[in-house]
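Worksheet: the structure to be examined is printed underneath.
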Amino acid sequence: MTDRSTQWDTPPSNLVLEPEDVHIWRIALDQPDWRLQHYAQVLAPDETTRAKRFYFERDQKHFTVGRGALRMILSRYAGLAPSQLQFTYTSYGKPALAETTGGDTLRFNLSHSAGMALCAVTRNREVGVDIEGIRELSDLPQIARQFFSANENAVLHTLPQEIQTEAFFTCWTRKEAYIKAIGEGLSMPLDCFDVSLVPGEPAELLATRRVEDEASRWLLRELFPGDGFLAAVVVEGHDWRLRCWQWPG
Ligand SMILES: CC(C)(COP(=O)(O)OP(=O)(O)OC[C@H]1O[C@@H](n2cnc3c(N)ncnc32)[C@H](O)[C@@H]1OP(=O)(O)O)[C@@H](O)C(=O)NCCC(=O)NCCS
């Protein structure tokens, strides 16, 4: 059995990110209005426009807090003001920092679900992170058949009913973290790789069938953001160490 907890520390004021460091930030997206204003002020015009496009006010606020916090977090590593950071986007929509504002070495990935976000930051290592609020799904077997590989479905079926939901979200977050590290979105076939999914067993990217030896290029770790949530991070290389920080620090 693995240790099923994650320690979320208060970051030091002199935060250092060495090439072997992987930092994960936990962000609560429900924030008081005075703080929301503060986040809104650091957004770029296109981000403000995007925030306004959300139909529900709660989603507008969550996007503003998530983007604002992302800018504030990255600014600590880039040594620039949050509003000075510029993002670029791949053709699949994966955001990165512009080279001139820290993107020459800094990499990051963000995920949000059910009022919580995680932001992973690395130096010169591709990274993908995913968080999910655990919820009961009436159509769990159908979703699993649609999105999980044959091997993953076979394992899921062997598990007792009472841990099926947890196993499902364990699998989901691990697959999504890998997809997000690769960055090609759902254009990447979801059945071309297998992850471990039995709760309590080690998190592993077991096999990839698209590129030979691809699985050995990455390391997968599970994260526990809090009650009712599951999360995973996939990072390039095997020689990294994880530190988890609480935002605002
Ligand atoms: C877009 C996608 C990358 C993630 O979507 P998601 O799980 O709904 O959302 P998350 O909260 O985890 O991640 C969203 C963030 O990822 C980042 N992102 C966007 N496109 C990305 C990409 N191609 N690769 C990596 N990260 C990406 C952005 O920062 C985005 O935040 P923003 O919306 O505030 O700009 C993509 O994988 C997707 O569409 N997934 C749909 C879910 C699914 O069917 N998963 C099957 C898993 S078995």
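Ligands are numbered from 1 in the order shown, chains are lettered A, B, ... in the order of the structure tokens, and residues start at 1 in each chain.
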
Leu140 in chain A: which residues within 10 Å, counting only C-alpha atoms, same-chain residues fewer than 6 positions away excluded, as a ChimeraX atom specification?
-> /A:146,164-165,168-169

Residue contacts of range 113-123 of chain A (8 Å, only C-alpha atoms) excluding same-chain residues fewer than 5 positions away, as a PDB file with N, CA and C atoms, in the first residue's frame:
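Okay, around-v4.pdb is ready:
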```
ATOM      1  N   LEU A  17      13.212  26.885  -7.459  1.00  0.00           N
ATOM      2  CA  LEU A  17      12.800  25.733  -8.263  1.00  0.00           C
ATOM      3  C   LEU A  17      14.016  25.218  -9.016  1.00  0.00           C
ATOM      4  N   GLU A  18      14.612  24.166  -8.475  1.00  0.00           N
ATOM      5  CA  GLU A  18      15.774  23.562  -9.143  1.00  0.00           C
ATOM      6  C   GLU A  18      15.269  22.668 -10.285  1.00  0.00           C
ATOM      7  N   PRO A  19      16.158  22.293 -11.227  1.00  0.00           N
ATOM      8  CA  PRO A  19      15.718  21.449 -12.345  1.00  0.00           C
ATOM      9  C   PRO A  19      15.109  20.122 -11.886  1.00  0.00           C
ATOM     10  N   GLU A  20      15.479  19.648 -10.689  1.00  0.00           N
ATOM     11  CA  GLU A  20      14.923  18.367 -10.225  1.00  0.00           C
ATOM     12  C   GLU A  20      13.677  18.553  -9.347  1.00  0.00           C
ATOM     13  N   ASP A  21      13.222  19.808  -9.216  1.00  0.00           N
ATOM     14  CA  ASP A  21      12.026  20.073  -8.400  1.00  0.00           C
ATOM     15  C   ASP A  21      10.754  20.054  -9.236  1.00  0.00           C
ATOM     16  N   VAL A  22       9.708  19.508  -8.632  1.00  0.00           N
ATOM     17  CA  VAL A  22       8.357  19.640  -9.192  1.00  0.00           C
ATOM     18  C   VAL A  22       7.498  20.233  -8.081  1.00  0.00           C
ATOM     19  N   HIS A  23       6.954  21.412  -8.338  1.00  0.00           N
ATOM     20  CA  HIS A  23       6.108  22.064  -7.327  1.00  0.00           C
ATOM     21  C   HIS A  23       4.644  21.970  -7.739  1.00  0.00           C
ATOM     22  N   ILE A  24       3.798  21.576  -6.789  1.00  0.00           N
ATOM     23  CA  ILE A  24       2.356  21.552  -7.031  1.00  0.00           C
ATOM     24  C   ILE A  24       1.706  22.531  -6.062  1.00  0.00           C
ATOM     25  N   TRP A  25       0.852  23.385  -6.596  1.00  0.00           N
ATOM     26  CA  TRP A  25       0.133  24.366  -5.774  1.00  0.00           C
ATOM     27  C   TRP A  25      -1.332  23.995  -5.724  1.00  0.00           C
ATOM     28  N   ARG A  26      -1.889  24.022  -4.527  1.00  0.00           N
ATOM     29  CA  ARG A  26      -3.323  23.762  -4.350  1.00  0.00           C
ATOM     30  C   ARG A  26      -4.045  25.102  -4.149  1.00  0.00           C
ATOM     31  N   ILE A  27      -5.030  25.351  -4.988  1.00  0.00           N
ATOM     32  CA  ILE A  27      -5.717  26.658  -4.995  1.00  0.00           C
ATOM     33  C   ILE A  27      -7.210  26.458  -4.743  1.00  0.00           C
ATOM     34  N   ALA A  28      -7.741  27.095  -3.702  1.00  0.00           N
ATOM     35  CA  ALA A  28      -9.191  27.074  -3.472  1.00  0.00           C
ATOM     36  C   ALA A  28      -9.815  28.164  -4.336  1.00  0.00           C
ATOM     37  N   LEU A  29     -10.765  27.789  -5.202  1.00  0.00           N
ATOM     38  CA  LEU A  29     -11.288  28.745  -6.185  1.00  0.00           C
ATOM     39  C   LEU A  29     -12.412  29.624  -5.649  1.00  0.00           C
ATOM     40  N   ASP A  30     -13.023  29.245  -4.532  1.00  0.00           N
ATOM     41  CA  ASP A  30     -14.049  30.100  -3.927  1.00  0.00           C
ATOM     42  C   ASP A  30     -13.343  31.092  -3.013  1.00  0.00           C
ATOM     43  N   HIS A  62     -14.478  31.433 -10.750  1.00  0.00           N
ATOM     44  CA  HIS A  62     -13.469  30.370 -10.650  1.00  0.00           C
ATOM     45  C   HIS A  62     -12.373  30.556 -11.691  1.00  0.00           C
ATOM     46  N   GLY A  66      -8.534  31.179 -10.769  1.00  0.00           N
ATOM     47  CA  GLY A  66      -7.553  30.199 -11.268  1.00  0.00           C
ATOM     48  C   GLY A  66      -6.473  30.866 -12.098  1.00  0.00           C
ATOM     49  N   LEU A  70      -2.675  31.523 -11.005  1.00  0.00           N
ATOM     50  CA  LEU A  70      -1.631  30.967 -11.882  1.00  0.00           C
ATOM     51  C   LEU A  70      -0.582  32.037 -12.197  1.00  0.00           C
ATOM     52  N   LEU A  74       3.302  31.824 -10.977  1.00  0.00           N
ATOM     53  CA  LEU A  74       4.391  31.793 -11.955  1.00  0.00           C
ATOM     54  C   LEU A  74       5.290  33.016 -11.825  1.00  0.00           C
ATOM     55  N   THR A 105      12.642  28.354 -19.604  1.00  0.00           N
ATOM     56  CA  THR A 105      12.897  27.177 -18.743  1.00  0.00           C
ATOM     57  C   THR A 105      11.651  26.711 -17.980  1.00  0.00           C
ATOM     58  N   LEU A 106      10.748  27.607 -17.648  1.00  0.00           N
ATOM     59  CA  LEU A 106       9.612  27.210 -16.798  1.00  0.00           C
ATOM     60  C   LEU A 106       8.533  26.490 -17.602  1.00  0.00           C
ATOM     61  N   ARG A 107       7.984  25.418 -17.029  1.00  0.00           N
ATOM     62  CA  ARG A 107       6.836  24.703 -17.607  1.00  0.00           C
ATOM     63  C   ARG A 107       5.759  24.646 -16.532  1.00  0.00           C
ATOM     64  N   PHE A 108       4.515  24.582 -16.943  1.00  0.00           N
ATOM     65  CA  PHE A 108       3.445  24.471 -15.949  1.00  0.00           C
ATOM     66  C   PHE A 108       2.253  23.775 -16.552  1.00  0.00           C
ATOM     67  N   GLY A 128       1.981  17.316 -16.745  1.00  0.00           N
ATOM     68  CA  GLY A 128       0.523  17.338 -16.848  1.00  0.00           C
ATOM     69  C   GLY A 128      -0.070  17.018 -15.493  1.00  0.00           C
ATOM     70  N   VAL A 129      -1.127  17.734 -15.130  1.00  0.00           N
ATOM     71  CA  VAL A 129      -1.756  17.491 -13.831  1.00  0.00           C
ATOM     72  C   VAL A 129      -3.260  17.417 -14.025  1.00  0.00           C
ATOM     73  N   ASP A 130      -3.915  16.585 -13.222  1.00  0.00           N
ATOM     74  CA  ASP A 130      -5.381  16.530 -13.293  1.00  0.00           C
ATOM     75  C   ASP A 130      -5.968  16.332 -11.905  1.00  0.00           C
ATOM     76  N   ILE A 131      -7.032  17.067 -11.621  1.00  0.00           N
ATOM     77  CA  ILE A 131      -7.771  16.917 -10.361  1.00  0.00           C
ATOM     78  C   ILE A 131      -9.239  16.667 -10.704  1.00  0.00           C
ATOM     79  N   GLU A 132      -9.867  15.808  -9.925  1.00  0.00           N
ATOM     80  CA  GLU A 132     -11.301  15.559 -10.104  1.00  0.00           C
ATOM     81  C   GLU A 132     -11.975  15.497  -8.738  1.00  0.00           C
ATOM     82  N   GLY A 133     -13.140  16.131  -8.638  1.00  0.00           N
ATOM     83  CA  GLY A 133     -13.994  15.937  -7.479  1.00  0.00           C
ATOM     84  C   GLY A 133     -14.681  14.581  -7.650  1.00  0.00           C
ATOM     85  N   VAL A 233      -0.212  13.596 -11.161  1.00  0.00           N
ATOM     86  CA  VAL A 233       0.710  14.421 -11.945  1.00  0.00           C
ATOM     87  C   VAL A 233       1.631  13.485 -12.722  1.00  0.00           C
TER      88      VAL A 233
END
```

Using only C-alpha atoms and all ligand atoms, tabulate the residues of chain A lying at most 7 Å from any atom of ligand 1, each with its closest atom pair and that distance in Å to one decimal, by chain and increasing residue number, as a tab-separated table.
```
residue	atom	partner	partner_atom_place_in_ligand_line	distance
A:Phe63	CA	ligand 1	34 (O)	5.9
A:Gly66	CA	ligand 1	34 (O)	6.5
A:Arg67	CA	ligand 1	34 (O)	6.3
A:Tyr92	CA	ligand 1	23 (N)	4.5
A:Gly93	CA	ligand 1	20 (N)	4.1
A:Lys94	CA	ligand 1	21 (C)	3.5
A:Pro95	CA	ligand 1	29 (O)	5.7
A:Asn109	CA	ligand 1	29 (O)	5.8
A:Leu110	CA	ligand 1	29 (O)	4.6
A:Ser111	CA	ligand 1	11 (O)	3.5
A:His112	CA	ligand 1	11 (O)	3.9
A:Ser113	CA	ligand 1	11 (O)	6.1
A:Gly128	CA	ligand 1	25 (C)	6.3
A:Val129	CA	ligand 1	12 (O)	6.9
A:Asp130	CA	ligand 1	12 (O)	4.7
A:Ile131	CA	ligand 1	12 (O)	6.2
A:Phe147	CA	ligand 1	48 (S)	5.0
A:Phe148	CA	ligand 1	48 (S)	5.9
A:Trp172	CA	ligand 1	48 (S)	4.5
A:Thr173	CA	ligand 1	47 (C)	7.0
A:Lys175	CA	ligand 1	48 (S)	5.2
A:Glu176	CA	ligand 1	47 (C)	4.7
A:Ile179	CA	ligand 1	37 (O)	5.9
A:Lys180	CA	ligand 1	25 (C)	3.6
A:Ala181	CA	ligand 1	25 (C)	6.0
A:Ile182	CA	ligand 1	24 (N)	6.8
A:Gly183	CA	ligand 1	24 (N)	3.5
A:Glu184	CA	ligand 1	23 (N)	4.9
A:Gly185	CA	ligand 1	23 (N)	4.2
A:Leu186	CA	ligand 1	37 (O)	5.5
A:Leu190	CA	ligand 1	48 (S)	6.5
```

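When the distance limit is 7 Å and only C-alpha atoms are what count, the residues near Gly237 in chain A, minus those fewer than 5 positions from it on the same chain, are Arg217, Trp218 and Leu219 of chain A.
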
Mind listing the strand (DSSP E) residues of range 39-102 of chain A, per DSSP on the backbone, as a PyMOL selection string?
-> chain A and resi 87-89+95-97

With range 240-248 of chain A as the partner and 12 Å as the cut-off, tabulate the residues of range 138-227 of chain A that qualify, each row holding the nearest pair of atoms and their distance in Å to one decimal, using only C-alpha atoms, sorted by chain and rising number, as a Markdown table.
```
| residue | atom | partner | partner_atom | distance |
| --- | --- | --- | --- | --- |
| A:Trp218 | CA | A:Trp240 | CA | 10.6 |
| A:Leu219 | CA | A:Trp240 | CA | 8.9 |
| A:Leu220 | CA | A:Trp240 | CA | 11.0 |
| A:Arg221 | CA | A:Leu242 | CA | 9.2 |
| A:Glu222 | CA | A:Leu242 | CA | 10.9 |
| A:Leu223 | CA | A:Cys244 | CA | 9.3 |
| A:Phe224 | CA | A:Cys244 | CA | 10.3 |
| A:Pro225 | CA | A:Cys244 | CA | 9.7 |
| A:Gly226 | CA | A:Gln246 | CA | 11.7 |
```

Export of the given selection (C-alpha atoms) as a compact mmCIF listing (two decimals), in the first residue's frame:
```
# COMPACT_ATOMS: atom_id res chain seq x y z
CA TRP A 218 7.58 9.64 -17.64
CA LEU A 219 6.86 9.22 -13.96
CA LEU A 220 3.33 9.28 -12.57
CA ARG A 221 2.46 10.22 -8.97
CA GLU A 222 -0.88 10.42 -7.25
CA LEU A 223 -1.86 13.44 -5.15
CA PHE A 224 -4.48 13.88 -2.44
CA PRO A 225 -5.80 17.45 -2.55
CA GLY A 226 -8.41 16.86 0.19
```

Expected answer as number ranges by chain: alpha helix (DSSP H) residues in range 12-249 of chain A | A: 33-41, 45-53, 57-78, 140-147, 150-158, 164-182

Using CA of Ala232 in chain A and CA of Glu166 in chain A as the two end points, give the distance in Å to one decimal.
->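 It comes out at 13.2 Å.
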
Could you tell me which of A:Ala144, A:Leu230, A:Ala81, A:Ala215 comes closest to His157 in chain A if we count only C-alpha atoms?
->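 For His157 in chain A, the nearest of the candidates is A:Ala144.
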
Who sits within 10 Å of Ser149 in chain A, only C-alpha atoms, same chain under 3 positions skipped, as a PyMOL selection string = chain A and resi 144-146+152-154+189-195

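Excluding Val42 in chain A itself and any same-chain residue fewer than 5 positions from it, the protein and nucleic acid residues within 10 Å of it, counting only C-alpha atoms, are A:Gln37, A:Glu47, A:Thr48, A:Thr64, A:Arg67, A:Gly68, A:Ala69, A:Arg71, A:Met72, A:Ala81, A:Pro82, A:Ser83, A:Gln84, A:Leu85.
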
Go ahead and save the residues from that selection, with C-alpha atoms, as an mmCIF file, in the first residue's frame.
```cif
data_model
loop_
_atom_site.group_PDB
_atom_site.id
_atom_site.type_symbol
_atom_site.label_atom_id
_atom_site.label_comp_id
_atom_site.auth_asym_id
_atom_site.auth_seq_id
_atom_site.Cartn_x
_atom_site.Cartn_y
_atom_site.Cartn_z
ATOM 1 C CA GLN A 37 -10.853 41.977 -7.510
ATOM 2 C CA GLU A 47 -8.454 36.439 -20.188
ATOM 3 C CA THR A 48 -10.968 39.010 -18.930
ATOM 4 C CA THR A 64 -10.633 34.551 -12.678
ATOM 5 C CA ARG A 67 -5.890 32.415 -13.909
ATOM 6 C CA GLY A 68 -5.041 35.132 -11.416
ATOM 7 C CA ALA A 69 -3.473 32.651 -8.996
ATOM 8 C CA ARG A 71 -0.116 34.331 -12.844
ATOM 9 C CA MET A 72 0.806 35.135 -9.239
ATOM 10 C CA ALA A 81 4.938 41.037 -12.054
ATOM 11 C CA PRO A 82 1.914 38.727 -12.602
ATOM 12 C CA SER A 83 0.437 41.030 -15.267
ATOM 13 C CA GLN A 84 3.720 41.064 -17.205
ATOM 14 C CA LEU A 85 3.600 37.339 -17.945
#
```
